[in-house]
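Raw target-v4.pdb, PDB, C-alpha atoms:
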```
ATOM      1  CA  MET A   1     -15.260 -21.938 -39.930  1.00  0.00           C
ATOM      2  CA  PHE A   2     -15.340 -20.424 -36.418  1.00  0.00           C
ATOM      3  CA  ASP A   3     -18.558 -18.508 -37.192  1.00  0.00           C
ATOM      4  CA  GLU A   4     -20.208 -21.808 -38.064  1.00  0.00           C
ATOM      5  CA  ILE A   5     -19.035 -23.322 -34.774  1.00  0.00           C
ATOM      6  CA  ARG A   6     -20.356 -20.290 -32.851  1.00  0.00           C
ATOM      7  CA  SER A   7     -23.804 -20.772 -34.352  1.00  0.00           C
ATOM      8  CA  HIS A   8     -24.116 -24.449 -33.332  1.00  0.00           C
ATOM      9  CA  LYS A   9     -24.383 -24.888 -29.552  1.00  0.00           C
ATOM     10  CA  GLY A  10     -24.413 -28.682 -29.864  1.00  0.00           C
ATOM     11  CA  LEU A  11     -21.144 -28.638 -31.804  1.00  0.00           C
ATOM     12  CA  GLN A  12     -19.637 -26.362 -29.157  1.00  0.00           C
ATOM     13  CA  LEU A  13     -20.596 -28.892 -26.475  1.00  0.00           C
ATOM     14  CA  VAL A  14     -19.041 -31.758 -28.439  1.00  0.00           C
ATOM     15  CA  ILE A  15     -15.825 -29.774 -29.001  1.00  0.00           C
ATOM     16  CA  GLY A  16     -15.766 -28.859 -25.297  1.00  0.00           C
ATOM     17  CA  LEU A  17     -16.259 -32.489 -24.279  1.00  0.00           C
ATOM     18  CA  LEU A  18     -13.514 -33.722 -26.621  1.00  0.00           C
ATOM     19  CA  THR A  19     -11.155 -30.955 -25.488  1.00  0.00           C
ATOM     20  CA  GLY A  20     -11.840 -31.895 -21.859  1.00  0.00           C
ATOM     21  CA  ILE A  21     -11.181 -35.561 -22.536  1.00  0.00           C
ATOM     22  CA  PHE A  22      -7.879 -34.739 -24.242  1.00  0.00           C
ATOM     23  CA  PHE A  23      -6.887 -32.385 -21.422  1.00  0.00           C
ATOM     24  CA  GLY A  24      -7.706 -35.065 -18.840  1.00  0.00           C
ATOM     25  CA  PHE A  25      -5.741 -37.618 -20.842  1.00  0.00           C
ATOM     26  CA  PHE A  26      -2.682 -35.365 -20.899  1.00  0.00           C
ATOM     27  CA  LEU A  27      -3.040 -34.575 -17.182  1.00  0.00           C
ATOM     28  CA  GLN A  28      -3.118 -38.295 -16.476  1.00  0.00           C
ATOM     29  CA  ARG A  29      -0.200 -39.093 -18.792  1.00  0.00           C
ATOM     30  CA  GLY A  30       1.798 -36.272 -17.243  1.00  0.00           C
ATOM     31  CA  GLY A  31       1.192 -37.636 -13.742  1.00  0.00           C
ATOM     32  CA  ALA A  32      -0.885 -34.714 -12.478  1.00  0.00           C
ATOM     33  CA  THR A  33      -3.770 -36.962 -11.433  1.00  0.00           C
ATOM     34  CA  SER A  34      -1.585 -38.823  -8.938  1.00  0.00           C
ATOM     35  CA  TYR A  35      -2.113 -37.803  -5.328  1.00  0.00           C
ATOM     36  CA  ASN A  36       1.586 -38.343  -4.607  1.00  0.00           C
ATOM     37  CA  VAL A  37       2.613 -35.997  -7.434  1.00  0.00           C
ATOM     38  CA  ILE A  38       0.190 -33.323  -6.210  1.00  0.00           C
ATOM     39  CA  LEU A  39       1.394 -33.746  -2.631  1.00  0.00           C
ATOM     40  CA  GLY A  40       4.984 -33.482  -3.875  1.00  0.00           C
ATOM     41  CA  GLN A  41       4.088 -30.202  -5.594  1.00  0.00           C
ATOM     42  CA  LEU A  42       2.538 -28.803  -2.423  1.00  0.00           C
ATOM     43  CA  LEU A  43       5.666 -29.801  -0.491  1.00  0.00           C
ATOM     44  CA  LEU A  44       7.848 -28.181  -3.210  1.00  0.00           C
ATOM     45  CA  LYS A  45       9.533 -31.513  -3.974  1.00  0.00           C
ATOM     46  CA  ASP A  46       7.923 -32.449  -7.310  1.00  0.00           C
ATOM     47  CA  PHE A  47       7.265 -29.747  -9.908  1.00  0.00           C
ATOM     48  CA  THR A  48       5.402 -31.924 -12.416  1.00  0.00           C
ATOM     49  CA  VAL A  49       2.107 -30.087 -11.882  1.00  0.00           C
ATOM     50  CA  ILE A  50       3.583 -26.603 -12.310  1.00  0.00           C
ATOM     51  CA  LYS A  51       5.364 -27.745 -15.470  1.00  0.00           C
ATOM     52  CA  ILE A  52       2.118 -29.058 -16.939  1.00  0.00           C
ATOM     53  CA  MET A  53       0.120 -25.981 -15.955  1.00  0.00           C
ATOM     54  CA  LEU A  54       2.697 -23.486 -17.209  1.00  0.00           C
ATOM     55  CA  THR A  55       2.946 -25.386 -20.486  1.00  0.00           C
ATOM     56  CA  ALA A  56      -0.855 -25.182 -20.772  1.00  0.00           C
ATOM     57  CA  VAL A  57      -0.759 -21.439 -20.013  1.00  0.00           C
ATOM     58  CA  PHE A  58       1.955 -20.917 -22.632  1.00  0.00           C
ATOM     59  CA  VAL A  59       0.148 -22.881 -25.349  1.00  0.00           C
ATOM     60  CA  GLY A  60      -3.254 -21.405 -24.495  1.00  0.00           C
ATOM     61  CA  MET A  61      -1.984 -17.829 -24.309  1.00  0.00           C
ATOM     62  CA  ALA A  62      -0.089 -18.044 -27.580  1.00  0.00           C
ATOM     63  CA  GLY A  63      -2.958 -19.849 -29.318  1.00  0.00           C
ATOM     64  CA  ILE A  64      -5.746 -17.538 -28.141  1.00  0.00           C
ATOM     65  CA  TYR A  65      -3.863 -14.345 -28.954  1.00  0.00           C
ATOM     66  CA  PHE A  66      -2.766 -15.763 -32.315  1.00  0.00           C
ATOM     67  CA  MET A  67      -6.383 -16.562 -33.195  1.00  0.00           C
ATOM     68  CA  ALA A  68      -7.647 -13.233 -31.815  1.00  0.00           C
ATOM     69  CA  GLY A  69      -5.043 -11.359 -33.874  1.00  0.00           C
ATOM     70  CA  ARG A  70      -6.468 -12.978 -37.009  1.00  0.00           C
ATOM     71  CA  ASN A  71     -10.100 -12.382 -35.941  1.00  0.00           C
ATOM     72  CA  TYR A  72     -10.822 -16.105 -35.649  1.00  0.00           C
ATOM     73  CA  VAL A  73     -12.033 -15.596 -32.088  1.00  0.00           C
ATOM     74  CA  SER A  74     -13.124 -12.646 -30.016  1.00  0.00           C
ATOM     75  CA  LEU A  75     -12.072 -12.199 -26.412  1.00  0.00           C
ATOM     76  CA  HIS A  76     -14.694 -11.536 -23.762  1.00  0.00           C
ATOM     77  CA  ILE A  77     -12.866 -10.068 -20.790  1.00  0.00           C
ATOM     78  CA  LYS A  78     -14.578 -10.568 -17.443  1.00  0.00           C
ATOM     79  CA  GLU A  79     -14.564  -7.853 -14.818  1.00  0.00           C
ATOM     80  CA  GLY A  80     -12.466  -8.547 -11.773  1.00  0.00           C
ATOM     81  CA  SER A  81     -12.016  -7.545  -8.172  1.00  0.00           C
ATOM     82  CA  ALA A  82      -9.892  -8.483  -5.209  1.00  0.00           C
ATOM     83  CA  GLY A  83     -13.062  -9.813  -3.546  1.00  0.00           C
ATOM     84  CA  LYS A  84     -13.736 -12.246  -6.392  1.00  0.00           C
ATOM     85  CA  THR A  85     -10.106 -13.327  -6.421  1.00  0.00           C
ATOM     86  CA  VAL A  86     -10.024 -13.979  -2.669  1.00  0.00           C
ATOM     87  CA  VAL A  87     -13.320 -15.911  -2.658  1.00  0.00           C
ATOM     88  CA  GLY A  88     -12.264 -18.016  -5.648  1.00  0.00           C
ATOM     89  CA  GLY A  89      -8.821 -18.635  -4.181  1.00  0.00           C
ATOM     90  CA  LEU A  90     -10.249 -19.689  -0.824  1.00  0.00           C
ATOM     91  CA  ILE A  91     -12.758 -22.089  -2.380  1.00  0.00           C
ATOM     92  CA  PHE A  92     -10.088 -23.581  -4.630  1.00  0.00           C
ATOM     93  CA  GLY A  93      -7.493 -23.706  -1.831  1.00  0.00           C
ATOM     94  CA  VAL A  94      -9.748 -25.287   0.778  1.00  0.00           C
ATOM     95  CA  GLY A  95     -10.900 -27.976  -1.652  1.00  0.00           C
ATOM     96  CA  PHE A  96      -7.332 -28.606  -2.743  1.00  0.00           C
ATOM     97  CA  ALA A  97      -6.084 -28.783   0.846  1.00  0.00           C
ATOM     98  CA  ILE A  98      -8.802 -31.179   2.004  1.00  0.00           C
ATOM     99  CA  LEU A  99      -8.463 -33.774  -0.751  1.00  0.00           C
ATOM    100  CA  GLY A 100      -5.386 -32.891  -2.779  1.00  0.00           C
ATOM    101  CA  TYR A 101      -7.119 -32.408  -6.138  1.00  0.00           C
ATOM    102  CA  CYS A 102      -8.162 -29.378  -8.130  1.00  0.00           C
ATOM    103  CA  PRO A 103     -11.277 -29.723 -10.329  1.00  0.00           C
ATOM    104  CA  GLY A 104      -9.259 -30.730 -13.425  1.00  0.00           C
ATOM    105  CA  THR A 105      -7.060 -33.277 -11.708  1.00  0.00           C
ATOM    106  CA  LEU A 106     -10.111 -34.567  -9.798  1.00  0.00           C
ATOM    107  CA  ALA A 107     -11.908 -35.347 -13.066  1.00  0.00           C
ATOM    108  CA  GLY A 108      -8.763 -36.981 -14.446  1.00  0.00           C
ATOM    109  CA  ALA A 109      -8.289 -39.026 -11.279  1.00  0.00           C
ATOM    110  CA  ILE A 110     -11.909 -40.215 -11.428  1.00  0.00           C
ATOM    111  CA  GLY A 111     -11.347 -41.143 -15.068  1.00  0.00           C
ATOM    112  CA  GLN A 112      -8.339 -43.283 -14.161  1.00  0.00           C
ATOM    113  CA  GLY A 113     -10.308 -45.005 -11.400  1.00  0.00           C
ATOM    114  CA  SER A 114      -9.004 -43.343  -8.223  1.00  0.00           C
ATOM    115  CA  LEU A 115     -11.546 -44.164  -5.536  1.00  0.00           C
ATOM    116  CA  ASP A 116     -10.479 -41.315  -3.251  1.00  0.00           C
ATOM    117  CA  ALA A 117     -11.348 -38.855  -6.013  1.00  0.00           C
ATOM    118  CA  LEU A 118     -14.663 -40.568  -6.751  1.00  0.00           C
ATOM    119  CA  ALA A 119     -15.764 -41.163  -3.155  1.00  0.00           C
ATOM    120  CA  GLY A 120     -14.428 -37.961  -1.598  1.00  0.00           C
ATOM    121  CA  GLY A 121     -13.750 -35.445  -4.324  1.00  0.00           C
ATOM    122  CA  LEU A 122     -16.862 -35.727  -6.455  1.00  0.00           C
ATOM    123  CA  PRO A 123     -19.308 -35.479  -3.521  1.00  0.00           C
ATOM    124  CA  GLY A 124     -17.161 -32.684  -2.081  1.00  0.00           C
ATOM    125  CA  ILE A 125     -17.196 -30.611  -5.247  1.00  0.00           C
ATOM    126  CA  LEU A 126     -20.959 -31.129  -5.657  1.00  0.00           C
ATOM    127  CA  LEU A 127     -21.652 -30.320  -2.000  1.00  0.00           C
ATOM    128  CA  GLY A 128     -19.453 -27.227  -2.191  1.00  0.00           C
ATOM    129  CA  ALA A 129     -21.207 -26.000  -5.341  1.00  0.00           C
ATOM    130  CA  TRP A 130     -24.616 -26.660  -3.757  1.00  0.00           C
ATOM    131  CA  PHE A 131     -23.640 -24.750  -0.595  1.00  0.00           C
ATOM    132  CA  PHE A 132     -22.247 -21.852  -2.619  1.00  0.00           C
ATOM    133  CA  THR A 133     -25.605 -21.368  -4.344  1.00  0.00           C
ATOM    134  CA  PHE A 134     -27.069 -20.392  -0.969  1.00  0.00           C
ATOM    135  CA  VAL A 135     -24.347 -17.937   0.045  1.00  0.00           C
ATOM    136  CA  TYR A 136     -23.795 -16.526  -3.466  1.00  0.00           C
ATOM    137  CA  PRO A 137     -26.288 -13.621  -3.242  1.00  0.00           C
ATOM    138  CA  GLU A 138     -24.640 -12.367  -0.045  1.00  0.00           C
ATOM    139  CA  VAL A 139     -21.109 -12.904  -1.381  1.00  0.00           C
ATOM    140  CA  LYS A 140     -21.984 -11.209  -4.671  1.00  0.00           C
ATOM    141  CA  SER A 141     -23.367  -8.098  -3.034  1.00  0.00           C
ATOM    142  CA  LYS A 142     -20.937  -7.687  -0.122  1.00  0.00           C
ATOM    143  CA  ILE A 143     -17.596  -9.289  -1.031  1.00  0.00           C
ATOM    144  CA  TYR A 144     -17.295  -9.309  -4.827  1.00  0.00           C
ATOM    145  CA  PRO A 145     -17.309  -5.492  -5.187  1.00  0.00           C
ATOM    146  CA  LYS A 146     -14.321  -5.081  -2.824  1.00  0.00           C
ATOM    147  CA  GLY A 147     -11.178  -3.959  -4.663  1.00  0.00           C
ATOM    148  CA  TYR A 148     -12.910  -3.650  -8.031  1.00  0.00           C
ATOM    149  CA  PHE A 149     -10.434  -3.350 -10.909  1.00  0.00           C
ATOM    150  CA  GLY A 150     -12.792  -3.770 -13.846  1.00  0.00           C
ATOM    151  CA  TYR A 151     -12.150  -5.177 -17.293  1.00  0.00           C
ATOM    152  CA  ILE A 152      -8.385  -5.142 -17.636  1.00  0.00           C
ATOM    153  CA  THR A 153      -5.868  -7.346 -19.357  1.00  0.00           C
ATOM    154  CA  PHE A 154      -2.105  -7.565 -18.864  1.00  0.00           C
ATOM    155  CA  PRO A 155      -1.394  -5.612 -22.073  1.00  0.00           C
ATOM    156  CA  GLU A 156      -3.611  -2.792 -20.756  1.00  0.00           C
ATOM    157  CA  LEU A 157      -2.119  -3.010 -17.270  1.00  0.00           C
ATOM    158  CA  PHE A 158       1.441  -2.739 -18.601  1.00  0.00           C
ATOM    159  CA  ASP A 159       0.428  -0.308 -21.391  1.00  0.00           C
ATOM    160  CA  GLN A 160       2.091  -2.525 -23.989  1.00  0.00           C
ATOM    161  CA  GLU A 161       1.013  -4.043 -27.270  1.00  0.00           C
ATOM    162  CA  THR A 162      -0.516  -7.493 -26.848  1.00  0.00           C
ATOM    163  CA  TYR A 163       2.122  -9.361 -28.842  1.00  0.00           C
ATOM    164  CA  LYS A 164       4.893  -7.882 -26.673  1.00  0.00           C
ATOM    165  CA  VAL A 165       3.237  -9.015 -23.449  1.00  0.00           C
ATOM    166  CA  VAL A 166       2.663 -12.493 -24.908  1.00  0.00           C
ATOM    167  CA  ILE A 167       6.346 -12.669 -25.883  1.00  0.00           C
ATOM    168  CA  TYR A 168       7.478 -11.471 -22.422  1.00  0.00           C
ATOM    169  CA  PHE A 169       5.264 -13.983 -20.635  1.00  0.00           C
ATOM    170  CA  ALA A 170       6.249 -16.781 -23.023  1.00  0.00           C
ATOM    171  CA  PHE A 171       9.926 -15.996 -22.499  1.00  0.00           C
ATOM    172  CA  GLY A 172       9.435 -15.944 -18.719  1.00  0.00           C
ATOM    173  CA  ILE A 173       7.582 -19.269 -18.739  1.00  0.00           C
ATOM    174  CA  ILE A 174      10.183 -20.942 -20.958  1.00  0.00           C
ATOM    175  CA  LEU A 175      13.005 -19.549 -18.799  1.00  0.00           C
ATOM    176  CA  PHE A 176      11.355 -20.760 -15.586  1.00  0.00           C
ATOM    177  CA  LEU A 177      10.653 -24.224 -16.998  1.00  0.00           C
ATOM    178  CA  SER A 178      14.219 -24.459 -18.284  1.00  0.00           C
ATOM    179  CA  LEU A 179      15.593 -23.496 -14.871  1.00  0.00           C
ATOM    180  CA  LEU A 180      13.469 -26.190 -13.208  1.00  0.00           C
ATOM    181  CA  GLU A 181      14.966 -28.757 -15.611  1.00  0.00           C
ATOM    182  CA  ILE A 182      18.521 -27.497 -15.102  1.00  0.00           C
ATOM    183  CA  ILE A 183      18.316 -27.758 -11.318  1.00  0.00           C
ATOM    184  CA  GLY A 184      16.581 -31.126 -11.576  1.00  0.00           C
ATOM    185  CA  LEU A 185      13.128 -30.327 -10.218  1.00  0.00           C
TER
END
```
Just dump the structure as structure tokens.
Amino acid sequence: MFDEIRSHKGLQLVIGLLTGIFFGFFLQRGGATSYNVILGQLLLKDFTVIKIMLTAVFVGMAGIYFMAGRNYVSLHIKEGSAGKTVVGGLIFGVGFAILGYCPGTLAGAIGQGSLDALAGGLPGILLGAWFFTFVYPEVKSKIYPKGYFGYITFPELFDQETYKVVIYFAFGIILFLSLLEIIGL
């Protein structure tokens, strides 16, 4: 079944679109597209966003490694570096700080009709992407190589079998989410 999906680019686009719509729907239903909820997260008063994102990490991690373990999917690890991480973090952080949306919550907020996301966020994300195309060659050659750490995954980093690392991370996420509920955040 997955081989058939891999061979049809149009089907992949449809699945991606439907997955994105469902993800946006769940972000909206969970409250993560509300500016006040996002602001509350940044002020460490409302942990709705972190709960949603950690749940997504848990489900995605378990699902991907389950499917990879059964050869339904193959993982394509991207090389990394401290330079790439810093540049990506700064772009994400500056955009988040200016408007209060990340790309996912921005799309969800536009979908629910938030004018601040449509009038400020969408032009901002497009302008930022356009600007980055001009500085990318310089960033790629001078900043991205800094602190190169290659193609590494957590199981390789910790020298553990994949299923063990997935279980450790899953346990940690569930414990953290449970603690947030217990203390009422």
| task | Skip Ser34 of chain A itself and residues of its chain fewer than 5 positions away, then list as a PyMOL selection string all residues within 9 Å of it, counting only C-alpha atoms. | result | chain A and resi 28+39+101+105+109+114
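When all atoms listed in the file are used to compute distances to Ile21 of chain A, the closest of the residues A:Ile143, A:Leu175, A:Ile183, A:Ala107 turns out to be A:Ala107.
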| request: Return as a ChimeraX atom specification the set of residues that the PyMOL selection byres ((chain A and resi 173) around 12) yields on the displayed structure. | output: /A:50-59,61-62,166-172,174-180
| request: Using all atoms listed in the file, pick whichever of A:Thr133, A:Thr33, A:Lys9, A:Leu27 has the shortest atom-to-atom distance to Leu106 of chain A. | output: A:Thr33
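Between atom CA of Gly150 of chain A and atom CA of Gly80 of chain A the separation is 5.2 Å.
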First collect every listed atom of segment 105-116 of chain A; then fit an axis-aligned box around them, widen it by 3 Å on each side, and give centre and edge lengths in Å to one decimal, as JSON.
```
{"center_x": -9.5, "center_y": -39.1, "center_z": -9.2, "size_x": 10.8, "size_y": 17.7, "size_z": 17.8}
```
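Of note, atom CA of Lys45 of chain A and atom CA of Ala119 of chain A are spaced 27.1 Å apart.
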| query | So how far away is atom CA of Ala32 of chain A from atom CA of Val49 of chain A, in Å? | reply | 5.5 Å
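Minimum distance to Val94 of chain A across A:Gly124, A:Pro137, A:Lys146, A:Ile110 (counting all atoms listed in the file) occurs at A:Gly124.
If all atoms listed in the file are the atoms counted, then among A:Gly60, A:Gly16, A:Gly108, A:Gly10 the closest residue to Gly31 of chain A is A:Gly108.
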| field | Reference answer for the PyMOL selection byres ((chain A and resi 152) around 10), as a PyMOL selection string | value | chain A and resi 77-80+149-151+153-157
| said: So, with all atoms listed in the file as the atoms that count, which of A:Phe22, A:Asp46, A:Phe66, A:Thr85 lies closest to Tyr144 of chain A? | reply: A:Thr85
| request: Determine the nearest neighbour of Ile125 of chain A from the options A:Tyr35, A:Phe25, A:Phe47, A:Phe92, counting only C-alpha atoms. | output: A:Phe92
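For the file at hand, the PyMOL selection byres ((chain A and resi 84) around 9) resolves to A:Gly80, A:Ser81, A:Ala82, A:Gly83, A:Thr85, A:Val86, A:Val87, A:Gly88, A:Gly89, A:Val139, A:Lys140, A:Ile143, A:Tyr144, A:Pro145, A:Lys146, A:Gly147, A:Tyr148.
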So that I have them on file, write out the residues from the current selection with C-alpha atoms, as a short mmCIF file (atom, residue, chain, number, x, y, z; two decimals), in the coordinates of the input.
```cif
data_model
loop_
_atom_site.label_atom_id
_atom_site.label_comp_id
_atom_site.auth_asym_id
_atom_site.auth_seq_id
_atom_site.Cartn_x
_atom_site.Cartn_y
_atom_site.Cartn_z
CA GLY A 80 -12.47 -8.55 -11.77
CA SER A 81 -12.02 -7.54 -8.17
CA ALA A 82 -9.89 -8.48 -5.21
CA GLY A 83 -13.06 -9.81 -3.55
CA THR A 85 -10.11 -13.33 -6.42
CA VAL A 86 -10.02 -13.98 -2.67
CA VAL A 87 -13.32 -15.91 -2.66
CA GLY A 88 -12.26 -18.02 -5.65
CA GLY A 89 -8.82 -18.64 -4.18
CA VAL A 139 -21.11 -12.90 -1.38
CA LYS A 140 -21.98 -11.21 -4.67
CA ILE A 143 -17.60 -9.29 -1.03
CA TYR A 144 -17.30 -9.31 -4.83
CA PRO A 145 -17.31 -5.49 -5.19
CA LYS A 146 -14.32 -5.08 -2.82
CA GLY A 147 -11.18 -3.96 -4.66
CA TYR A 148 -12.91 -3.65 -8.03
#
```
| Around (-2.9, -33.7, -2.6) in the file's frame, which residues reach within 10 Å when counting only C-alpha atoms? Return as a ChimeraX atom specification? | /A:33-43,95-102
Please produce a file of those selected residues containing C-alpha atoms, as a tab-separated table (two decimals), in the coordinates of the input.
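Everything below was put into out22.tsv:
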```tsv
chain	number	residue	atom	x	y	z
A	33	THR	CA	-3.77	-36.96	-11.43
A	34	SER	CA	-1.58	-38.82	-8.94
A	35	TYR	CA	-2.11	-37.80	-5.33
A	36	ASN	CA	1.59	-38.34	-4.61
A	37	VAL	CA	2.61	-36.00	-7.43
A	38	ILE	CA	0.19	-33.32	-6.21
A	39	LEU	CA	1.39	-33.75	-2.63
A	40	GLY	CA	4.98	-33.48	-3.88
A	41	GLN	CA	4.09	-30.20	-5.59
A	42	LEU	CA	2.54	-28.80	-2.42
A	43	LEU	CA	5.67	-29.80	-0.49
A	95	GLY	CA	-10.90	-27.98	-1.65
A	96	PHE	CA	-7.33	-28.61	-2.74
A	97	ALA	CA	-6.08	-28.78	0.85
A	98	ILE	CA	-8.80	-31.18	2.00
A	99	LEU	CA	-8.46	-33.77	-0.75
A	100	GLY	CA	-5.39	-32.89	-2.78
A	101	TYR	CA	-7.12	-32.41	-6.14
A	102	CYS	CA	-8.16	-29.38	-8.13
```
Export C-alpha atoms of segment 135-157 of chain A from the structure just given, as an mmCIF file, in the first residue's frame?
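out24.cif written:
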```cif
data_model
loop_
_atom_site.group_PDB
_atom_site.id
_atom_site.type_symbol
_atom_site.label_atom_id
_atom_site.label_comp_id
_atom_site.auth_asym_id
_atom_site.auth_seq_id
_atom_site.Cartn_x
_atom_site.Cartn_y
_atom_site.Cartn_z
ATOM 1 C CA VAL A 135 20.532 35.650 2.035
ATOM 2 C CA TYR A 136 20.371 31.839 1.765
ATOM 3 C CA PRO A 137 23.540 31.347 -0.337
ATOM 4 C CA GLU A 138 25.599 33.322 2.186
ATOM 5 C CA VAL A 139 23.964 31.634 5.189
ATOM 6 C CA LYS A 140 24.402 28.194 3.626
ATOM 7 C CA SER A 141 28.097 28.641 2.979
ATOM 8 C CA LYS A 142 29.141 30.553 6.110
ATOM 9 C CA ILE A 143 26.739 29.723 8.954
ATOM 10 C CA TYR A 144 25.217 26.304 8.250
ATOM 11 C CA PRO A 145 28.541 24.407 8.456
ATOM 12 C CA LYS A 146 29.276 25.716 11.981
ATOM 13 C CA GLY A 147 29.022 22.975 14.614
ATOM 14 C CA TYR A 148 28.330 20.217 12.094
ATOM 15 C CA PHE A 149 27.055 17.032 13.747
ATOM 16 C CA GLY A 150 25.979 15.087 10.678
ATOM 17 C CA TYR A 151 23.272 12.482 10.280
ATOM 18 C CA ILE A 152 22.492 11.390 13.814
ATOM 19 C CA THR A 153 19.382 10.260 15.605
ATOM 20 C CA PHE A 154 18.691 10.014 19.335
ATOM 21 C CA PRO A 155 19.108 6.214 19.339
ATOM 22 C CA GLU A 156 22.567 6.668 17.782
ATOM 23 C CA LEU A 157 23.431 9.542 20.110
#
```
